[in-house]
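Novice: Input: one structure, supplied below.
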Amino acid sequence: MMAKHRVVIAPGSSSQHYWRDVWQYRGLLLFLAWRDLAVRYKQTAIGVLWAVVRPLLTIAAMWFIGWLFGSNVPEGAPRILIVCAATLPWQFFATSFSETANSLIGNANLLTKVYFPRLILPFSTVLVSAIDFLVAFLILVVFMVAYAYVPGPEVVLLPVFILLTLISSLGAGLLIAALNVKYRDFRYLVPFIVQFGLYITPVAFTSQDVFNNPAIPDALKYLYACNPMVAAVDGFRFSLFGPSQPIHWTGFCISSGISLVLLIIGITYFRRTERGFADTI
Amino acid sequence: MSAPIIRVEGLGKRFTLQHKQRERYTALRDVLSDRARSLFRPSKDQAVTSEFWALKDLSFDISPGDRVGIIGRNGAGKSTLLKVLSRIVDPTAGRVTIEGRLASLLEVGTGFHPELSGRENIYLNGAILGMSRKEISSKFDEIVAFADVERFLDTPVKRYSSGMYVRLAFAVAAHLEPEILVVDEVLAVGDAEFQRKCLGKMKEVSLGGRTVLFVSHNMAAIQNLCSTAIYLKQGRLVTQGDTAQVLSTYLKDTGAAARVDLSARQDRQGNGAIRFTGFHLADEGGRELAAAQSGSTVVFNFDMDVRSADVRDLKVAMGIDDQYGQRITHLSNEVSGQALNNASGNARLSIRVPRCPLRNGNYTFTLFSTVNGDIADYLLNAGGFHVESGDFFGTGRAPAEDQGTFFMDHSFKLDK
């Protein structure tokens with residue numbers, strides 16, 4: 001009976017069964033996500049309605065900006081859908097990135113008093129954003145029904161691009177979360193990254209506006225493609241609107257490559273520093 | 001003896017202290033500018049950090065079913081040890097092997113969210129402490145009954161009184177069922193009634209064959225709850241073993257300044273037929289103590305220099321004041337009816353107090369003596385001593401701190 005659960009603690013040893021631990025603590029992950037959701041709409045007048053109103057407001061704002069600057073709209077799909085298809089992944093990234101970045105500091109009391117694999121915290125915040133994303137996705141479906149728009153066969157690729165969005169937000173979030181524990185500077189940097197990110201991500205405009213614009217030098221186009229969210233947003237549009245929103249493959253590969261690298265760096269750095277979180281936070 | 005459930009070998013935890021530290025956390029700016037500066041001026045700013053070992057070369061074994069009290073002064077490394085055992089902080093050296101599931105309770109109500117209701121917080125807190133949803137559900141009613149908050153289950157805990165909050169939090173933790181339970185000073189909260197309940201629950205838990213590690217400054221609780229104890233001092237193990245033995249080592253060790261030298265005091269009155277020259281505390285067996293302990297026998301020892309050749313009818317009184325200068329009691333051989341005669345040279349006078357009824361705290365005393373009816377030596381505020389909390393009633397329980405300044409022996413009886 002005794003040997004069934006043995007823990008050895010030595011300097012740097014907490015990684016033995018790390019991923020198994022993460023799996024064992026999935027219950028806590030769900031509880032933390034549930035807590036964040038349950039707390040969010042307490043003491044608000046319209047309660048859960050906010051879950052729908054918030055993405056609607058964002059979509060409306062994006063639609064208005066896109067209309068104002070007259071970015072190109074393809075045949076066959078209303079502008080609101082094009083905007084919507086980009087707002088969803090962007091919003092997912094923006095919320096999960098900024099929430100994840102603060103997830104460790106915001107739960108400092110847990111970090112210093114209880115053991116659990118620290119990855120549980122950022123994971124649970126990403127899960128919360130994913131649930132927001134689902135709600136927003138339903139709004140998109142409602143819009144598509146309202147406009148009687150039926151996506152083409154490319155729609156089967158959608159899960160791949162959702163995964164890509166997840167990878168980008170998780171990678172960036174983990175890295176910033178771990179850095180934030182030691183350097184609180186990142187707390188101030190995050191809102192700026194999110195704000196700036198919106199301007200360089202094809203939400204109000206489309207990637208074609210960039211790649212097909214002869215006035216923009218190639219170097220700048222590649223720089224633009226370094227934004228990990230470019231691939232995710234382009235992919236979303238492609239899977240929903242088909243060939244009318246073609247993917248710029250070079251740009252796509254750069255962008256998604258960077259997402260993957262970011263995830264690897266994020267996890268590695270997080271795992272390397274996490275044993276010191278309780279000491280430094 | 002069976003195989004140890006916890007084995008600690010050469011455990012060490014080092015903290016790096018930064019003397020130059022301007023803020024609590026590092027700012028990236030500082031790192032960058034320091035790096036940049038060090039490019040030009042290498043060796044400077046290097047020696048600003050110093051090391052501090054919160055735990056050092058710590059080795060001990062704990063057998064299954066032991067109830068172990070961990071004692072030591074503030075900063076002795078008790079909490080750090082619990083944090084290492086709980087895998088919250090990483091040790092710097094050494095190795096710990098734990099055979100079994102360990103749950104730790106380092107704080108009451110970790111992760112409680114003020115906006116959530118009592119019911120929701122029970123589930124959340126349970127999950128944080130490592131209980132499964134099923135476990136919590138099966139114990140839910142018990143937890144609620146223990147915390148006594150049935151009526152407020154659906155009220156956000158931010159509206160709870162602090163007492164209710166603590167009760168609920170402890171109730172969840174008390175229903176954990178790991179093989180090893182680690183508890184840090186949680187009894188320091190709540191009212192007396194609740195502390196009693198907690199202590200009872202802790203005892204129940206530990207008597208169920210579970211291994212318990214318990215940190216507390218409440219010596220009465222340690223005495224009552226723990227079978228063995230570990231005494232830490234500056235991160236090192238001083239002694240481990242039987243609770244009573246370890247406690248007495250600890251009490252002897254703390255505040256070695258319990259000895260008071262009175263020989264140089266000038267502010268005395270009286271004819272000087274005798275003079276008090278020193279004071280110290282001892283236990284029944286004559287071993288010097290650093291502090292008295294509630295419920296244990298204490299002997300006040302006075303060294304006297306008897307100058308008069310003819311000392312008959314010596315009367316000595318010791319007035320004891322509490323920390324506010326309030327006279328609490330008065331000990332004298334006049335009221336105890338003991339005659340003191342024939343003292344000469346360097347004499348030793350002792351006053352024995354069985355089952356010391358004073359509560360823990362600091363006390364001062366005034367000495368008064370007469371020889372043959374004349375004031376011989378009178379020393380106002382002659383010195384002070386300390387009383388550690390102890391188990392006066394032998395039940396591990398004591399009235400709340402605000403319920404008076406001393407213990408009174410009593411018994412209850414109910415007649416029909």
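Labels used: A, B, ... for chains in the order of the structure tokens, numbers from 1 for residues in each chain, and numbers from 1 for ligands as shown.
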I need the contact residues of chain B against chain A, so if you could list those with any atom within 9 Å, counting only C-alpha atoms, and return them as a VMD selection string, that would help.

Specialist: chain B and resid 5 11 15 25 to 29 83 to 101 103 to 107 110 to 111 113 115 to 116 120 123 to 124 127 to 133

Novice: Output as a PyMOL selection string all residues of region 197-356 of chain B that backbone DSSP marks as strand (DSSP E or B).

Specialist: chain B and resi 211-215+228-233+236-242+260-261+268-269+274-282+288-289+292-293+298-306+314-321+327-332+340+345-353

Novice: As a PyMOL selection string, please: the residues near Val190 (chain A) (cut-off 12 Å, only C-alpha atoms, same-chain neighbours under 4 positions excluded).

Specialist: chain A and resi 94-102+172-173+175-177+179-180+184-186+194-197

Novice: Write the residues of the selection above to a file with C-alpha atoms, as a tab-separated table (two decimals), in the first residue's frame.

Specialist:
chain	number	residue	atom	x	y	z
A	94	ALA	CA	-6.40	38.84	-26.98
A	95	THR	CA	-8.35	37.65	-23.94
A	96	SER	CA	-6.48	34.43	-23.36
A	97	PHE	CA	-3.13	36.14	-23.84
A	98	SER	CA	-3.82	38.96	-21.42
A	99	GLU	CA	-5.58	36.76	-18.87
A	100	THR	CA	-2.88	34.11	-19.03
A	101	ALA	CA	-0.19	36.71	-18.58
A	102	ASN	CA	-1.75	37.65	-15.25
A	172	ALA	CA	2.68	33.84	-25.89
A	173	GLY	CA	0.66	33.63	-22.69
A	175	LEU	CA	6.02	33.02	-21.79
A	176	ILE	CA	4.65	36.30	-20.52
A	177	ALA	CA	3.06	34.67	-17.45
A	179	LEU	CA	8.28	36.39	-17.11
A	180	ASN	CA	5.66	38.38	-15.25
A	184	ARG	CA	6.37	42.90	-13.39
A	185	ASP	CA	7.19	45.12	-16.35
A	186	PHE	CA	5.31	42.71	-18.54
A	194	VAL	CA	-2.91	43.56	-27.38
A	195	GLN	CA	-3.78	47.06	-28.52
A	196	PHE	CA	-0.99	47.24	-31.05
A	197	GLY	CA	-1.69	43.68	-32.17

Novice: CA of Leu134 (chain A) and CA of Val210 (chain A) are how many Å apart?

Specialist: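 One can read the CA of Leu134 (chain A) to CA of Val210 (chain A) distance as 29.1 Å.
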
Novice: Looking at B:Ala273, B:Leu281, B:Leu380, B:Val311, which one is nearest to Gln293 (chain B), with distances taken over only C-alpha atoms?

Specialist: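 Checking each candidate against Gln293 (chain B), we get B:Leu281 as the closest.
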
Novice: Please provide the set of residues having any atom within 6 Å of Arg359 (chain B), restricted to only C-alpha atoms, with same-chain residues fewer than 6 positions apart removed, written as a PyMOL selection string.

Specialist: chain B and resi 294+405-406

Novice: Go ahead and write the selection's residues with N, CA and C atoms as a PDB file, in the first residue's frame.

Specialist:
ATOM      1  N   SER B 294       2.891  27.453  31.899  1.00  0.00           N
ATOM      2  CA  SER B 294       1.599  27.294  32.554  1.00  0.00           C
ATOM      3  C   SER B 294       1.355  25.824  32.845  1.00  0.00           C
ATOM      4  N   THR B 405      -6.444  36.521  33.193  1.00  0.00           N
ATOM      5  CA  THR B 405      -4.988  36.545  33.174  1.00  0.00           C
ATOM      6  C   THR B 405      -4.367  35.340  33.854  1.00  0.00           C
ATOM      7  N   PHE B 406      -5.180  34.516  34.485  1.00  0.00           N
ATOM      8  CA  PHE B 406      -4.584  33.340  35.113  1.00  0.00           C
ATOM      9  C   PHE B 406      -5.574  32.175  35.071  1.00  0.00           C
TER      10      PHE B 406
END

Novice: List every residue of region 71-277 of chain A that DSSP, applied to the backbone of this structure, places in helix (DSSP H, G or I), and write the result as an NGL selection string.

Specialist: :A and (79-106 or 108-111 or 120-146 or 153-182 or 185-200 or 207-211 or 218-225 or 228-244 or 249-277)

Novice: Name the residues in contact with Thr243 (chain B) at a cut-off of 8 Å, using only C-alpha atoms, excluding same-chain residues fewer than 3 positions from it; report them as JSON, numbers by chain.

Specialist: {"B": [69, 222, 223, 226, 227, 228, 229, 246, 247]}

Novice: Write out as a list in words the residues lying within 12 Å of region 214-223 of chain A, counting only C-alpha atoms and excluding same-chain residues fewer than 2 positions away.

Specialist: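 Near neighbours after the sequence-gap exclusion: Ile200, Thr201, Ser207, Gln208, Asp209, Val210, Phe211, Asn212, Ala225, Cys226, Asn227, Pro228, Val230, His248, Trp249, Thr250, Gly251, Phe252, Cys253, Ile254, Ser255 and Ile258 of chain A.
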
Novice: So how far away is CA of His175 (chain B) from CA of Ile143 (chain B), in Å?

Specialist: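 Value for the CA of Ile143 (chain B)-CA of His175 (chain B) distance: 7.0 Å.
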
Novice: Using only C-alpha atoms for the distances, tell me which of B:Thr364, B:Ser79, B:Gln240, B:Gln234 is nearest to Ile328 (chain B).

Specialist: B:Thr364

Novice: Within 10 Å of Val261 (chain A), counting only C-alpha atoms, which residues show up once you throw out same-chain ones fewer than 2 positions away? Write them as number ranges by chain, please.

Specialist: A: 167-168, 171-172, 228, 256-259, 263-266

Novice: Write a file of the selected residues as a compact mmCIF listing (two decimals), in the first residue's frame, keeping N, CA, C and O atoms.

Specialist:
# COMPACT_ATOMS: atom_id res chain seq x y z
N ILE A 167 -2.62 27.61 -30.07
CA ILE A 167 -1.17 27.51 -29.94
C ILE A 167 -0.54 28.89 -29.77
O ILE A 167 0.29 29.11 -28.90
N SER A 168 -1.00 29.83 -30.60
CA SER A 168 -0.43 31.18 -30.51
C SER A 168 -0.69 31.79 -29.14
O SER A 168 0.21 32.34 -28.51
N GLY A 171 1.24 29.87 -26.29
CA GLY A 171 2.69 30.09 -26.33
C GLY A 171 3.04 31.46 -25.79
O GLY A 171 3.86 31.59 -24.87
N ALA A 172 2.39 32.48 -26.33
CA ALA A 172 2.68 33.84 -25.89
C ALA A 172 2.31 34.01 -24.42
O ALA A 172 3.06 34.61 -23.64
N PRO A 228 2.08 35.98 -35.27
CA PRO A 228 1.53 34.62 -35.27
C PRO A 228 0.02 34.58 -35.53
O PRO A 228 -0.50 33.56 -35.98
N SER A 256 2.63 30.72 -38.90
CA SER A 256 2.32 29.56 -38.06
C SER A 256 3.60 28.94 -37.49
O SER A 256 3.59 28.40 -36.38
N GLY A 257 4.70 29.06 -38.25
CA GLY A 257 5.99 28.60 -37.71
C GLY A 257 6.33 29.35 -36.44
O GLY A 257 6.75 28.76 -35.44
N ILE A 258 6.11 30.64 -36.49
CA ILE A 258 6.42 31.46 -35.32
C ILE A 258 5.52 31.08 -34.14
O ILE A 258 5.97 31.02 -32.99
N SER A 259 4.25 30.76 -34.42
CA SER A 259 3.36 30.31 -33.34
C SER A 259 3.93 29.09 -32.65
O SER A 259 3.96 29.01 -31.42
N LEU A 263 5.26 28.59 -28.82
CA LEU A 263 4.72 27.62 -27.86
C LEU A 263 5.84 26.83 -27.21
O LEU A 263 5.85 26.63 -25.99
N ILE A 264 6.82 26.40 -28.04
CA ILE A 264 7.92 25.62 -27.48
C ILE A 264 8.72 26.47 -26.49
O ILE A 264 9.01 26.04 -25.37
N ILE A 265 9.01 27.71 -26.89
CA ILE A 265 9.75 28.59 -25.97
C ILE A 265 8.93 28.83 -24.71
O ILE A 265 9.45 28.76 -23.59
N GLY A 266 7.64 29.07 -24.89
CA GLY A 266 6.77 29.35 -23.76
C GLY A 266 6.77 28.22 -22.75
O GLY A 266 7.02 28.42 -21.56

Novice: One number please: CA of Phe368 (chain B) to CA of Asn381 (chain B), in Å, one decimal.

Specialist: 10.4 Å

Novice: Which residue gives the smallest distance to Thr125 (chain A) among A:Ile193, A:Ala33, A:Val156, A:Val141, with only C-alpha atoms counted?

Specialist: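 Among A:Ile193, A:Ala33, A:Val156, A:Val141, it is A:Ala33 that comes nearest to Thr125 (chain A).
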